[in-house]
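Student: The structure file final.cif (mmCIF, C-alpha atoms) is provided below.
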data_coords
#
loop_
_atom_site.group_PDB
_atom_site.id
_atom_site.type_symbol
_atom_site.label_atom_id
_atom_site.label_comp_id
_atom_site.auth_asym_id
_atom_site.auth_seq_id
_atom_site.Cartn_x
_atom_site.Cartn_y
_atom_site.Cartn_z
ATOM 1 C CA MET A 150 30.618 -3.796 17.433
ATOM 2 C CA ASP A 151 27.112 -3.278 16.162
ATOM 3 C CA LEU A 152 24.752 -4.851 18.719
ATOM 4 C CA GLY A 153 27.538 -4.735 21.296
ATOM 5 C CA LYS A 154 27.370 -0.931 21.309
ATOM 6 C CA LYS A 155 24.006 -1.005 23.032
ATOM 7 C CA PHE A 156 24.275 0.661 26.455
ATOM 8 C CA ILE A 157 27.925 1.601 25.813
ATOM 9 C CA ASP A 158 29.096 5.187 26.168
ATOM 10 C CA GLU A 159 29.679 6.794 22.764
ATOM 11 C CA GLU A 160 33.268 7.805 23.581
ATOM 12 C CA LEU A 161 34.195 4.214 24.365
ATOM 13 C CA ALA A 162 32.201 2.749 21.484
ATOM 14 C CA SER A 163 33.846 5.080 18.963
ATOM 15 C CA LEU A 164 37.425 4.300 20.042
ATOM 16 C CA GLN A 165 39.395 3.242 16.948
ATOM 17 C CA LEU A 166 42.519 1.168 16.356
ATOM 18 C CA ALA A 167 44.408 4.310 15.284
ATOM 19 C CA ASP A 168 43.576 5.918 18.655
ATOM 20 C CA VAL A 169 44.986 2.935 20.533
ATOM 21 C CA GLU A 170 48.073 2.785 18.322
ATOM 22 C CA ALA A 171 48.772 6.474 19.017
ATOM 23 C CA LEU A 172 48.352 5.908 22.752
ATOM 24 C CA ASP A 173 50.582 2.841 22.533
ATOM 25 C CA LYS A 174 53.299 4.867 20.789
ATOM 26 C CA ASN A 175 53.160 7.660 23.385
ATOM 27 C CA ALA A 176 52.720 5.567 26.522
ATOM 28 C CA THR A 177 54.763 2.425 25.899
ATOM 29 C CA SER A 178 56.917 3.157 22.840
ATOM 30 C CA SER A 179 54.680 0.820 20.791
ATOM 31 C CA LYS A 180 55.465 -2.227 22.963
ATOM 32 C CA SER A 181 51.855 -2.980 23.869
ATOM 33 C CA GLN A 182 50.653 -4.311 20.522
ATOM 34 C CA GLU A 183 53.183 -7.137 20.588
ATOM 35 C CA PHE A 184 52.326 -7.787 24.230
ATOM 36 C CA TYR A 185 48.627 -7.893 23.276
ATOM 37 C CA GLN A 186 49.316 -10.370 20.471
ATOM 38 C CA ASN A 187 51.255 -12.653 22.842
ATOM 39 C CA SER A 188 48.861 -12.321 25.775
ATOM 40 C CA GLN A 189 45.526 -13.610 26.859
ATOM 41 C CA ILE A 190 42.649 -11.340 27.849
ATOM 42 C CA THR A 191 40.111 -13.002 30.136
ATOM 43 C CA SER A 192 37.091 -11.779 32.087
ATOM 44 C CA ALA A 193 36.702 -8.938 29.576
ATOM 45 C CA ILE A 194 33.779 -6.763 30.623
ATOM 46 C CA VAL A 195 32.241 -3.517 29.380
ATOM 47 C CA TYR A 196 29.900 -1.381 31.465
ATOM 48 C CA HIS A 197 28.833 1.965 29.973
ATOM 49 C CA ASN A 198 32.134 3.911 29.868
ATOM 50 C CA ARG A 199 34.348 1.318 31.566
ATOM 51 C CA ILE A 200 36.158 -1.794 30.400
ATOM 52 C CA SER A 201 38.018 -4.263 32.561
ATOM 53 C CA GLY A 202 39.704 -7.607 32.277
ATOM 54 C CA VAL A 203 42.583 -9.829 33.266
ATOM 55 C CA VAL A 204 45.555 -9.322 30.970
ATOM 56 C CA GLY A 205 48.525 -11.618 30.983
ATOM 57 C CA ASN A 206 50.675 -14.381 29.662
ATOM 58 C CA PHE A 207 52.489 -17.356 31.204
ATOM 59 C CA VAL A 208 54.638 -15.092 33.380
ATOM 60 C CA GLU A 209 52.297 -12.353 34.574
ATOM 61 C CA ARG A 210 48.571 -11.647 34.966
ATOM 62 C CA HIS A 211 47.063 -8.325 35.956
ATOM 63 C CA GLN A 212 43.607 -6.951 36.659
ATOM 64 C CA VAL A 213 43.085 -3.866 34.479
ATOM 65 C CA GLU A 214 40.304 -1.293 34.446
ATOM 66 C CA ILE A 215 39.924 1.617 32.029
ATOM 67 C CA LEU A 216 37.458 4.465 32.336
ATOM 68 C CA VAL A 217 36.685 6.822 29.431
ATOM 69 C CA HIS A 218 35.304 10.237 30.367
ATOM 70 C CA GLN A 219 35.265 13.442 28.324
ATOM 71 C CA LYS A 220 37.777 12.054 25.808
ATOM 72 C CA GLU A 221 40.194 11.183 28.615
ATOM 73 C CA LEU A 222 41.321 7.698 29.614
ATOM 74 C CA ALA A 223 41.983 6.749 33.198
ATOM 75 C CA SER A 224 43.404 3.329 33.942
ATOM 76 C CA SER A 225 44.316 1.190 36.883
ATOM 77 C CA CYS A 226 46.359 -1.980 36.814
ATOM 78 C CA THR A 227 47.673 -4.307 39.468
ATOM 79 C CA CYS A 228 51.169 -4.034 37.940
ATOM 80 C CA SER A 229 51.586 -0.733 39.824
ATOM 81 C CA LYS A 230 53.661 0.907 37.112
ATOM 82 C CA SER A 231 54.269 4.580 37.743
ATOM 83 C CA ARG A 232 53.368 5.490 34.152
ATOM 84 C CA ARG A 233 50.061 7.073 33.338
ATOM 85 C CA ILE A 234 49.045 3.992 31.387
ATOM 86 C CA CYS A 235 50.821 0.624 31.263
ATOM 87 C CA LYS A 236 51.202 -2.005 28.541
ATOM 88 C CA HIS A 237 48.493 -4.134 30.190
ATOM 89 C CA ALA A 238 45.946 -1.320 29.895
ATOM 90 C CA VAL A 239 46.894 -0.629 26.277
ATOM 91 C CA ALA A 240 46.651 -4.362 25.536
ATOM 92 C CA LEU A 241 43.103 -4.322 26.953
ATOM 93 C CA LEU A 242 42.323 -1.382 24.668
ATOM 94 C CA TYR A 243 43.658 -3.352 21.680
ATOM 95 C CA ALA A 244 41.349 -6.194 22.686
ATOM 96 C CA TRP A 245 38.448 -3.737 22.898
ATOM 97 C CA VAL A 246 38.939 -2.211 19.436
ATOM 98 C CA ASN A 247 39.720 -5.571 17.807
ATOM 99 C CA ASN A 248 37.256 -7.862 19.605
ATOM 100 C CA GLY A 249 34.800 -5.663 21.501
ATOM 101 C CA ASN A 250 31.917 -8.038 20.779
ATOM 102 C CA ASP A 251 33.691 -10.643 22.919
ATOM 103 C CA PHE A 252 33.440 -8.406 25.998
ATOM 104 C CA THR A 253 30.572 -9.204 28.340
ATOM 105 C CA ASN A 254 28.211 -6.246 28.288
ATOM 106 C CA VAL A 255 27.125 -5.862 31.920
ATOM 107 C CA GLU A 256 24.046 -3.772 31.165
ATOM 108 C CA MET A 257 22.771 -6.314 28.638
ATOM 109 C CA ALA A 258 23.415 -9.105 31.155
ATOM 110 C CA LEU A 259 21.514 -7.161 33.822
ATOM 111 C CA GLN A 260 18.590 -6.842 31.413
ATOM 112 C CA GLN A 261 18.512 -10.641 31.094
ATOM 113 C CA ILE A 262 18.875 -11.151 34.841
ATOM 114 C CA ARG A 263 15.915 -8.852 35.526
ATOM 115 C CA LYS A 264 13.736 -11.160 33.417
ATOM 116 C CA GLN A 265 14.556 -14.279 35.436
ATOM 117 C CA LYS A 266 12.216 -15.828 37.958
ATOM 118 C CA LYS A 267 12.859 -15.240 41.656
ATOM 119 C CA GLU A 268 13.399 -18.979 42.282
ATOM 120 C CA ASP A 269 16.064 -19.141 39.568
ATOM 121 C CA LEU A 270 17.820 -16.088 40.983
ATOM 122 C CA LEU A 271 17.785 -17.573 44.499
ATOM 123 C CA GLU A 272 19.397 -20.732 43.125
ATOM 124 C CA ILE A 273 22.091 -18.651 41.414
ATOM 125 C CA VAL A 274 22.784 -16.703 44.623
ATOM 126 C CA THR A 275 22.958 -19.964 46.581
ATOM 127 C CA ASN A 276 25.515 -21.372 44.135
ATOM 128 C CA ILE A 277 27.589 -18.175 44.278
ATOM 129 C CA ILE A 278 27.698 -18.342 48.087
ATOM 130 C CA ARG A 279 28.530 -22.060 48.097
ATOM 131 C CA GLN A 280 31.483 -21.466 45.756
ATOM 132 C CA ASN A 281 32.622 -18.318 47.555
ATOM 133 C CA PRO A 282 31.263 -18.154 51.128
ATOM 134 C CA ALA A 283 32.733 -14.671 51.667
ATOM 135 C CA ALA A 284 30.322 -13.382 49.000
ATOM 136 C CA ILE A 285 27.484 -13.679 51.499
ATOM 137 C CA GLU A 286 28.468 -10.222 52.756
ATOM 138 C CA LEU A 287 27.232 -8.812 49.426
ATOM 139 C CA PHE A 288 23.727 -10.087 50.079
ATOM 140 C CA LEU A 289 23.272 -9.279 53.750
ATOM 141 C CA ALA A 290 21.433 -6.095 54.622
ATOM 142 C CA LYS A 291 23.494 -3.669 56.638
ATOM 143 C CA ASP A 292 21.856 -1.622 59.372
ATOM 144 C CA LYS A 293 21.484 1.931 58.181
ATOM 145 C CA PRO A 294 20.939 4.718 60.695
ATOM 146 C CA ASP A 295 17.811 6.810 60.453
ATOM 147 C CA TRP A 296 18.509 10.380 59.390
ATOM 148 C CA ASP A 297 17.022 11.703 62.610
ATOM 149 C CA GLU A 298 19.563 9.625 64.585
ATOM 150 C CA ILE A 299 22.542 11.337 62.935
ATOM 151 C CA ASP A 300 23.899 14.370 64.730
ATOM 152 C CA LEU A 301 24.795 16.819 61.975
ATOM 153 C CA ASP A 302 25.562 19.614 64.449
ATOM 154 C CA LEU A 303 29.155 18.699 65.279
ATOM 155 C CA ASP A 304 31.233 20.836 67.633
ATOM 156 C CA TYR A 305 34.814 21.233 66.437
#
Mind converting the file's structure to structure tokens?

Tutor:
Amino acid sequence: MDLGKKFIDEELASLQLADVEALDKNATSSKSQEFYQNSQITSAIVYHNRISGVVGNFVERHQVEILVHQKELASSCTCSKSRRICKHAVALLYAWVNNGNDFTNVEMALQQIRKQKKEDLLEIVTNIIRQNPAAIELFLAKDKPDWDEIDLDLDY
């Protein structure tokens, strides 16, 4: 992951296969590597110290997110397993260490988006809203109260 490391937190960028294998052994009794090899990882994204993606096979698909902070991993997965980290999260980590350049780097994409013309961006937003009308909520300004309208002196 040479160019792909740009804008990526050092702890995440330096994660090695041996680290994931050790986690796999401790968290899932080494079942995740086989699951990774028989699964498909889609929508793989990296943003600073966070990776996410859809992990699954023909039977199951789960949205997974992993955050790396101070040499600790925190994960969330739609499988709702009670374990600290599930096989879907470890499979995403295998994808990261084996094919990190295939992950969409959000910060690099934002850099490209910032360079686009306003008209092109408006066309993109229009297409997003046409395909997913509920997304319009993301683009509408919400009324924000003025600070002098907020009563901070509450009586309890």

Student: Got a sec: who's within 12 Å of A:Cys235, counting all atoms listed in the file, leaving out chain neighbours fewer than 5 positions off, as a compact mmCIF listing (two decimals) with C-alpha atoms, in the frame of the given file?

Tutor:
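What ended up in out_22.txt:
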# COMPACT_ATOMS: atom_id res chain seq x y z
CA LEU A 172 48.35 5.91 22.75
CA ASP A 173 50.58 2.84 22.53
CA LYS A 174 53.30 4.87 20.79
CA ASN A 175 53.16 7.66 23.38
CA ALA A 176 52.72 5.57 26.52
CA THR A 177 54.76 2.42 25.90
CA SER A 178 56.92 3.16 22.84
CA SER A 179 54.68 0.82 20.79
CA LYS A 180 55.46 -2.23 22.96
CA SER A 181 51.86 -2.98 23.87
CA GLN A 182 50.65 -4.31 20.52
CA PHE A 184 52.33 -7.79 24.23
CA TYR A 185 48.63 -7.89 23.28
CA VAL A 204 45.56 -9.32 30.97
CA HIS A 211 47.06 -8.32 35.96
CA GLN A 212 43.61 -6.95 36.66
CA VAL A 213 43.08 -3.87 34.48
CA GLU A 214 40.30 -1.29 34.45
CA ILE A 215 39.92 1.62 32.03
CA LEU A 222 41.32 7.70 29.61
CA ALA A 223 41.98 6.75 33.20
CA SER A 224 43.40 3.33 33.94
CA SER A 225 44.32 1.19 36.88
CA CYS A 226 46.36 -1.98 36.81
CA THR A 227 47.67 -4.31 39.47
CA CYS A 228 51.17 -4.03 37.94
CA SER A 229 51.59 -0.73 39.82
CA LYS A 230 53.66 0.91 37.11
CA ALA A 240 46.65 -4.36 25.54
CA LEU A 241 43.10 -4.32 26.95
CA LEU A 242 42.32 -1.38 24.67

Student: Expressed in Å to a single decimal, how great is the separation between atom CA of A:Ala193 and atom CA of A:Ile277?

Tutor: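 Between atom CA of A:Ala193 and atom CA of A:Ile277 the gap works out to 19.6 Å.
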
Student: As a check of understanding, name the residues that the PyMOL selection byres ((chain A and resi 191) around 9) selects in the supplied structure, as JSON, numbers by chain.

Tutor: {"A": [189, 190, 192, 193, 194, 202, 203, 204, 205]}

Student: Which residues, written as a list of chain:residue names, have at least one atom at most 12 Å from A:His218, with only C-alpha atoms counted and residues fewer than 2 positions away on the same chain left out?

Tutor: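 Neighbouring residues, sequence-local ones excluded: A:Asp158, A:Glu159, A:Glu160, A:Leu161, A:His197, A:Asn198, A:Arg199, A:Ile215, A:Leu216, A:Lys220, A:Glu221, A:Leu222, A:Ala223, A:Ser224.
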
Student: Can you give me, as JSON, numbers by chain, the residues this file yields under the PyMOL selection byres ((chain A and resi 162) around 12)?

Tutor: {"A": [150, 151, 152, 153, 154, 155, 156, 157, 158, 159, 160, 161, 163, 164, 165, 166, 195, 196, 197, 198, 199, 200, 217, 220, 242, 245, 246, 247, 248, 249, 250, 254]}

Student: Output requested as a PDB file, in the coordinates of the input - stretch 153-164 of chain A, filled out with all heavy atoms.

Tutor:
ATOM      1  N   GLY A 153      26.764  -4.903  20.073  1.00  0.00           N
ATOM      2  CA  GLY A 153      27.538  -4.735  21.296  1.00  0.00           C
ATOM      3  C   GLY A 153      27.621  -3.307  21.774  1.00  0.00           C
ATOM      4  O   GLY A 153      27.970  -3.049  22.904  1.00  0.00           O
ATOM      5  N   LYS A 154      27.305  -2.335  20.920  1.00  0.00           N
ATOM      6  CA  LYS A 154      27.370  -0.931  21.309  1.00  0.00           C
ATOM      7  C   LYS A 154      26.182  -0.509  22.173  1.00  0.00           C
ATOM      8  O   LYS A 154      26.194   0.564  22.747  1.00  0.00           O
ATOM      9  CB  LYS A 154      27.441  -0.030  20.073  1.00  0.00           C
ATOM     10  CG  LYS A 154      28.789  -0.045  19.403  1.00  0.00           C
ATOM     11  CD  LYS A 154      28.833   0.991  18.298  1.00  0.00           C
ATOM     12  CE  LYS A 154      30.195   1.004  17.652  1.00  0.00           C
ATOM     13  NZ  LYS A 154      30.271   2.008  16.592  1.00  0.00           N
ATOM     14  N   LYS A 155      25.176  -1.354  22.244  1.00  0.00           N
ATOM     15  CA  LYS A 155      24.006  -1.005  23.032  1.00  0.00           C
ATOM     16  C   LYS A 155      24.405  -0.814  24.493  1.00  0.00           C
ATOM     17  O   LYS A 155      25.099  -1.646  25.068  1.00  0.00           O
ATOM     18  CB  LYS A 155      22.946  -2.116  22.899  1.00  0.00           C
ATOM     19  CG  LYS A 155      21.608  -1.726  23.444  1.00  0.00           C
ATOM     20  CD  LYS A 155      20.566  -2.761  23.094  1.00  0.00           C
ATOM     21  CE  LYS A 155      19.222  -2.269  23.554  1.00  0.00           C
ATOM     22  NZ  LYS A 155      18.181  -3.220  23.285  1.00  0.00           N
ATOM     23  N   PHE A 156      23.996   0.292  25.064  1.00  0.00           N
ATOM     24  CA  PHE A 156      24.275   0.661  26.455  1.00  0.00           C
ATOM     25  C   PHE A 156      25.730   1.071  26.700  1.00  0.00           C
ATOM     26  O   PHE A 156      26.135   1.220  27.833  1.00  0.00           O
ATOM     27  CB  PHE A 156      23.909  -0.461  27.443  1.00  0.00           C
ATOM     28  CG  PHE A 156      22.506  -0.945  27.337  1.00  0.00           C
ATOM     29  CD1 PHE A 156      22.237  -2.230  26.914  1.00  0.00           C
ATOM     30  CD2 PHE A 156      21.445  -0.115  27.639  1.00  0.00           C
ATOM     31  CE1 PHE A 156      20.935  -2.688  26.807  1.00  0.00           C
ATOM     32  CE2 PHE A 156      20.138  -0.562  27.532  1.00  0.00           C
ATOM     33  CZ  PHE A 156      19.884  -1.846  27.115  1.00  0.00           C
ATOM     34  N   ILE A 157      26.516   1.240  25.650  1.00  0.00           N
ATOM     35  CA  ILE A 157      27.925   1.601  25.813  1.00  0.00           C
ATOM     36  C   ILE A 157      28.089   3.085  25.494  1.00  0.00           C
ATOM     37  O   ILE A 157      27.572   3.576  24.500  1.00  0.00           O
ATOM     38  CB  ILE A 157      28.833   0.740  24.913  1.00  0.00           C
ATOM     39  CG1 ILE A 157      28.697  -0.726  25.319  1.00  0.00           C
ATOM     40  CG2 ILE A 157      30.282   1.195  25.002  1.00  0.00           C
ATOM     41  CD1 ILE A 157      29.405  -1.687  24.402  1.00  0.00           C
ATOM     42  N   ASP A 158      28.825   3.772  26.351  1.00  0.00           N
ATOM     43  CA  ASP A 158      29.096   5.187  26.168  1.00  0.00           C
ATOM     44  C   ASP A 158      29.693   5.439  24.784  1.00  0.00           C
ATOM     45  O   ASP A 158      30.562   4.690  24.331  1.00  0.00           O
ATOM     46  CB  ASP A 158      30.064   5.644  27.270  1.00  0.00           C
ATOM     47  CG  ASP A 158      30.333   7.117  27.210  1.00  0.00           C
ATOM     48  OD1 ASP A 158      29.514   7.873  27.737  1.00  0.00           O
ATOM     49  OD2 ASP A 158      31.366   7.495  26.619  1.00  0.00           O
ATOM     50  N   GLU A 159      29.254   6.484  24.132  1.00  0.00           N
ATOM     51  CA  GLU A 159      29.679   6.794  22.764  1.00  0.00           C
ATOM     52  C   GLU A 159      31.196   6.967  22.656  1.00  0.00           C
ATOM     53  O   GLU A 159      31.808   6.531  21.687  1.00  0.00           O
ATOM     54  CB  GLU A 159      28.966   8.053  22.259  1.00  0.00           C
ATOM     55  CG  GLU A 159      29.381   8.492  20.870  1.00  0.00           C
ATOM     56  CD  GLU A 159      29.165   7.448  19.786  1.00  0.00           C
ATOM     57  OE1 GLU A 159      28.176   6.693  19.866  1.00  0.00           O
ATOM     58  OE2 GLU A 159      29.991   7.382  18.862  1.00  0.00           O
ATOM     59  N   GLU A 160      31.814   7.603  23.638  1.00  0.00           N
ATOM     60  CA  GLU A 160      33.268   7.805  23.581  1.00  0.00           C
ATOM     61  C   GLU A 160      34.021   6.474  23.560  1.00  0.00           C
ATOM     62  O   GLU A 160      35.002   6.326  22.833  1.00  0.00           O
ATOM     63  CB  GLU A 160      33.738   8.637  24.767  1.00  0.00           C
ATOM     64  CG  GLU A 160      33.318  10.079  24.701  1.00  0.00           C
ATOM     65  CD  GLU A 160      33.773  10.836  25.918  1.00  0.00           C
ATOM     66  OE1 GLU A 160      33.165  10.626  26.995  1.00  0.00           O
ATOM     67  OE2 GLU A 160      34.726  11.611  25.801  1.00  0.00           O
ATOM     68  N   LEU A 161      33.564   5.522  24.341  1.00  0.00           N
ATOM     69  CA  LEU A 161      34.195   4.214  24.365  1.00  0.00           C
ATOM     70  C   LEU A 161      33.873   3.439  23.098  1.00  0.00           C
ATOM     71  O   LEU A 161      34.750   2.826  22.491  1.00  0.00           O
ATOM     72  CB  LEU A 161      33.757   3.430  25.605  1.00  0.00           C
ATOM     73  CG  LEU A 161      34.362   2.044  25.787  1.00  0.00           C
ATOM     74  CD1 LEU A 161      35.881   2.110  25.860  1.00  0.00           C
ATOM     75  CD2 LEU A 161      33.793   1.389  27.036  1.00  0.00           C
ATOM     76  N   ALA A 162      32.628   3.491  22.672  1.00  0.00           N
ATOM     77  CA  ALA A 162      32.201   2.749  21.484  1.00  0.00           C
ATOM     78  C   ALA A 162      32.899   3.243  20.222  1.00  0.00           C
ATOM     79  O   ALA A 162      33.144   2.464  19.299  1.00  0.00           O
ATOM     80  CB  ALA A 162      30.688   2.844  21.319  1.00  0.00           C
ATOM     81  N   SER A 163      33.246   4.514  20.173  1.00  0.00           N
ATOM     82  CA  SER A 163      33.846   5.080  18.963  1.00  0.00           C
ATOM     83  C   SER A 163      35.376   5.006  18.960  1.00  0.00           C
ATOM     84  O   SER A 163      36.000   5.452  18.002  1.00  0.00           O
ATOM     85  CB  SER A 163      33.398   6.532  18.784  1.00  0.00           C
ATOM     86  OG  SER A 163      33.893   7.328  19.842  1.00  0.00           O
ATOM     87  N   LEU A 164      35.968   4.442  19.991  1.00  0.00           N
ATOM     88  CA  LEU A 164      37.425   4.300  20.042  1.00  0.00           C
ATOM     89  C   LEU A 164      37.895   3.445  18.867  1.00  0.00           C
ATOM     90  O   LEU A 164      37.335   2.386  18.599  1.00  0.00           O
ATOM     91  CB  LEU A 164      37.821   3.649  21.371  1.00  0.00           C
ATOM     92  CG  LEU A 164      39.276   3.733  21.785  1.00  0.00           C
ATOM     93  CD1 LEU A 164      39.707   5.177  21.986  1.00  0.00           C
ATOM     94  CD2 LEU A 164      39.488   2.956  23.070  1.00  0.00           C
TER      95      LEU A 164
END
